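Notes to accompany the following structure.
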Amino acid sequence: MSSPKTAAPEQLIIIGNGMVGHHLVEQLVDNGALERYQVTVFGEERHRAYDRVHLSEYFSGRDADSLALCEADYYTVSGVELRTGEAVIEIDRNAQEVVTDQGRYPYDRLVLATGSFPFVPPIPGNDRDGCLVYRTLDDLDAIQAAAENATTGVVVGGGLLGLEAANALRGLNLDTAVVEFASRLMPMQVDNEGGELLREKIEALGVQVLTERATQRIEDGEASRHRMVFQDDKVLETDLIVFSAGIRPRDQLARDCGLEIGERGGVVVDNQCLTNDPAILAIGEVALWNQSIFGLVAPGYQMAKTALSTLTEGDIQFGGADMSTKLKLLGVDVGSIGDAHGTQNPGARMFRYLDPIKQEYRKLVVSSDGKKLLGAMLVGDNGVYDTLLQYYSNGIELPAEPASLILPQSSGAAPTLGPGALPETATICSCHNVTKGDICATIDGGAVDLGGVKGATKASTGCGGCTALLKSVVDHELEARGVEVDKSICEHFAHTRQGLYDIVRVEGIKTFTDLIEKHGNADTHRLGCDICKPAVASILASCFNEPITDAAHIPLQDTNDTFMANMQKNGTYSVVPRVAGGEITPDKLIALGEVANKYSLYSKVTGGQRIDLFGARLEDLPDIWSELIAAGFETGHAYGKSLRTVKSCVGSTWCRYGVQDSVGMAIQLENRYKGLRSPHKIKFGVSGCTRECAEAQSKDIGIIATENGWNLYVCGNGGMRPRHAELFATDLDDEQLYRTIDRFLMFYVRTADRLQRTSVWRENLDGGLEYLKEVILEDSLGINDELERQMQTVVDTYQCEWADAISDPEKLKRFRSFVNDDRPDPSIIMTSERGQLRPA
Amino acid sequence: MTATALKKEMDTMAEQTTKTWQKVCTKADLVEFSGVAAWIETADGPAQVAIFYLPGLRQGKDHELYALDHFDPFSKANVIARGIVGDLKGAAVVASPIYKQHFRLEDGQCLEDESVKLRAWKIEFKGDEVWVEG
């Protein structure tokens with residue numbers, strides 16, 4: 001028997017695989033609409049949907065895959081057909097088919113999510129080689145390629161996208177200029193005073209700003225490839241031009257098939273996102289609703305939700321969207337809320353605050369009775385944005401003196417509107433349209449922490465702008481429900497690792513026994529466990545750097561630290577001597593070979609540019625190390641949660657591209673930080689030029705040589721969850737580099753959770769990279785002297801643990817197969833493979 | 001009497017008659033709050049034993065000395081003596097250094113898997129000497 005539901009599914013075609021088109025697919029998948037519709041998505045680009053909001057990060061190391069909005073197999077797994085690289089060339093409304101160069105595809109319902117294209121002003125010469133736009137990953141590739149042989153670049157357009165493009169050109173080391181037709185930068189978002197401040201800040205970054213310039217033509221340059229000629233016959237020469245003068249809806253397909261189009265472009269839609277053909281919907285930047293195009297991702301997502309509702313006979317209507325935005329452009333905060341110019345509300349009153357020294361500008365647009373916030377404008381500091389947005393979007397009555405909201409606070413703290421004061425209807429995450437009420441419901445439904453709320457609501461997983469606000473709401477609501485989140489490290493201590501670290505440092509506690517007696521939980525045996533003991537061992541070592549094999553510390557260590565080697569699956573160990581920077585003399589190579597031969601060790605080169613000798617028996621370790629030390633080796637800490645290796649490329653000593661001595665720097669760094677015990681292992685990489693052969697951007701600390709010194713990247717990772725390191729500081733000299741890394745590492749050691757790599761630590765750090773920069777580069781906590789001193793102590797007290805152990809018969813006692821018998825463990829059996837031994 | 005029953009009776013007799021206390025090492029061979037391995041000969045053949053020394057822990061049923069099989073049934077390697085000693089929910093335990101399962105020192109019970117239990121050996125000090133029954 002067949003039911004109506006098993007009738008042939010309706011064909012739904014979505015044209016466009018941008019952020020909004022992808023969001024619609026997610027909505028369809030999550031809401032069971034695939035039972036009814038067979039969905040086919042056409043994407044013109046090669047890549048599946050990616051995050052255009054963070055496009056500029058492509059130049060700071062993120063690739064197409066990390067910008068992608070879903071896993072590579074998302075569409076296949078979900079049962080949606082995604083046809084990338086296949087452009088739709090025609091919509092045949094009579095036949096209800098879309099046409100591509102590969103075929104005709106029938107549809108019952110069709111959604112246009114074609115987005116927009118960058119507007120290129122009709123200037124003679126705008127199609128010359130090296131005149132580009134900034135919109136897609138392919139555009140970015142083209143810009144990058146053109147920048148290789150360029151020294152200067154110009155962005156035409158000083159709006160939001162223009163400034164982002166300017167930042168990208170700067171990132172490619174081009175001398176950059178911005179040319180704007182209007183009298184100020186970001187004319188849509190800021191007024192003249194704000195624009196002037198913005199100009200000052202951006203010029204201070206070395207970006208030339210030219211306003212009130214209309215380009216008349218582009219022709220051959222003399223010193224550079226192009227010459228731009230302006231209305232007053234002034235000229236500007238440049239090698240590369242990026243047009244970013246606004247966007248236009250991509251409505252050609254709709255025009256060609258006779259759908260209703262607005263006067264200035266855009267497919268006209270109603271509150272249900274329907275076009276004048278009820279089989280066809282339009283969403284995102286191609287859709288014109290109530291004479292408006294919405295060029296932000298949040299309204300696009302709302303349209304996608306509306307479209308889902310329309311396709312499934314729901315009753316959600318699109319009712320316009322708030323265009324308030326908070327941005328960081330070229331490192332400068334710019335915020336715009338509601339009627340920021342105060343032009344849409346006759347009788348509105350304005351408050352302005354301008355600090356020319358700190359370069360901050362804030363403006364409030366307030367209703368004539370002084371009770372409601374109608375709009376706001378911020379330049380230089382977005383600290384009060386979240387609070388102002390809540391006043392604005394929830395119609396909360398303003399304080400008696402509205403100016404207090406934008407005046408500097410004597411305490412230095414921004415006047416925040418506490419999460420308790422927000423109504424249930426307050427939107428916390430506008431990308432995913434999550435209200436405070438939704439968050440409360442999730443918590444009442446069983447979510448016990450921030451991660452749970454994020455997973456259930458998707459809040460703060462869009463642009464991420466609401467992260468801090470979300471956390472404060474979640475914390476407040478959990479607290480209000482009497483939830484005390486237990487962050488104890490284990491049953492022996494009611495403290496976090498960070499808490500234990502502070503106790504150890506402040507009270508100068510030097511042994512585990514002391515610590516657990518004074519601060520341990522009374523209702524345990526106070527032996528500790530395999531969670532707290534190694535964690536405390538690491539803390540003690542970071543603070544005092546006593547040998548880990550001392551009698552007081554040895555019972556705390558994992559087996560690898562206890563025997564200073566890495567236990568393998570059959571109970572034997574692997575041995576890795578330090579080979580700083582991967583540089584090794586032939587004599588040392590021979591010595592390694594001789595030791596490996598003598599003790600029948602399997603030999604393998606590691607990813608960290610050293611040599612791992614496997615299959616060492618416990619009782620052989622002291623002899624092996626005596627011989628290695630005699631040959632000039634020292635321990636490599638491959639067994640520890642500590643500095644592992646500093647990988648390097650060969651650098652300027654040999655390489656024709658190298659600009660600095662990367663091997664020399666790698667050796668310096670490895671010798672400086674060797675032996676530092678930390679919450680987890682730490683890996684470094686040093687590359688001698690931007691070709692990055694040492695893969696430094698996949699390391700906790702990555703260093704890339706520049707003409708002027710070193711660029712420092714932090715918090716990268718390879719392994720299971722790869723993460724590109726982020727650029728932290730540029731053009732440091734050697735001394736600055738050491739000092740910055742000293743502070744960074746000690747701050748990590750001090751604040752990270754146990755077994756938390758720098759990448760995860762960074763992702764969990766409130767305030768993110770900006771906060772980290774403030775602490776490390778600007779000393780906002782006033783702790784840098786102390787961090788540097790502490791690191792110097794560790795550096796000064798370094799000793800090779802193996803050299804220490806083999807000179808102490810008491811410590812060697814443990815390296816016996818059996819306390820009462822000299823025989824080796826007979827159950828360890830080896831077999832031969834490819835000329836070496838391996839476990840049988 | 002069937003062959004199986006006969007063997008069972010002989011085994012029982014062997015256990016009753018041949019288990020003997022033997023000296024293994026001295027207190028100086030032990031590592032406080034940690035383990036060492038020992039080789040012992042028993043009537044059933046040789047055995048590897050992990051010996052743990054927790055000085056000062058002698059209240060109630062807790063002892064200072066414990067002995068378990070050195071063999072880790074999860075990794076099938078002789079490594080138990082090299083695990084971290086601690087206490088969990090009131091019981092002294094050792095964590096396997098390979099896959100981190102916990103075994104109760106008192107009776108060898110694995111806390112993560114009810115069906116796995118290490119043999120627990122009787123052990124005590126005689127003066128400074130360490131004696132195991134096996």
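Every chain in the structure tokens has a letter given in the order shown (A, B, ...), and although residue numbers restart at 1 in each chain, ligands are simply numbered from 1 in the order shown.
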Alpha helix (DSSP H) positions in range 471-708 of chain A, given as a ChimeraX atom specification
/A:471-480,497-507,512-519,532-544,559-562,586-598,621-630,662-673
Which polymer residues have any atom within 9 Å of an atom of Asp69 in chain B, counting only C-alpha atoms, with same-chain residues fewer than 2 positions away left out, as a list in words?
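Final neighbour list, sorted by chain and number: Ala47, Gln48, Val49, Ala50, Ile51, Ala67, Phe71, Asp72, Asn78, Ile80, Ala81, Gly108, Leu118, Arg119, Ala120 and Trp121 of chain B.
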Using only C-alpha atoms, find the residues of chain A whose closest atom to chain B is at most 10 Å away, then write them as a PyMOL selection string.
chain A and resi 490-492+523-534+551-552+554-560+562-563+567-572+810+813-823+825-828
Any chance you could list, as a ChimeraX atom specification, the residues in chain B that come up strand (DSSP E) when DSSP is run on the backbone?
/B:21-26,34-42,45-53,65-69,71-72,77-78,84-88,91-95,102-104,120-126,129-133
Within 12 Å of Leu205 in chain A, counting only C-alpha atoms, which residues show up once you throw out same-chain ones fewer than 5 positions away? Write them as a VMD selection string, please.
chain A and resid 166 to 167 170 to 171 175 to 177 198 to 200 329 to 332
File of the preceding selection, C-alpha atoms, as an mmCIF file, in the first residue's frame:
data_model
loop_
_atom_site.group_PDB
_atom_site.id
_atom_site.type_symbol
_atom_site.label_atom_id
_atom_site.label_comp_id
_atom_site.auth_asym_id
_atom_site.auth_seq_id
_atom_site.Cartn_x
_atom_site.Cartn_y
_atom_site.Cartn_z
ATOM 1 C CA ALA A 166 42.786 47.318 1.607
ATOM 2 C CA ASN A 167 43.644 45.206 4.608
ATOM 3 C CA ARG A 170 48.444 45.362 3.114
ATOM 4 C CA GLY A 171 48.710 41.749 4.168
ATOM 5 C CA ASP A 175 51.981 49.915 -0.402
ATOM 6 C CA THR A 176 48.261 50.461 -0.278
ATOM 7 C CA ALA A 177 45.975 53.380 -1.062
ATOM 8 C CA LEU A 198 38.736 56.759 10.731
ATOM 9 C CA ARG A 199 40.979 58.366 8.124
ATOM 10 C CA GLU A 200 43.547 59.356 10.738
ATOM 11 C CA LEU A 329 38.421 47.097 9.776
ATOM 12 C CA LEU A 330 42.201 47.346 9.545
ATOM 13 C CA GLY A 331 42.172 46.914 13.287
ATOM 14 C CA VAL A 332 39.833 49.873 13.771
#
Just want the 12 Å neighbourhood of Asp315 in chain A, counted on only C-alpha atoms, with same-chain residues fewer than 3 positions away dropped. Output as a ChimeraX atom specification.
/A:271-273,305-312,318
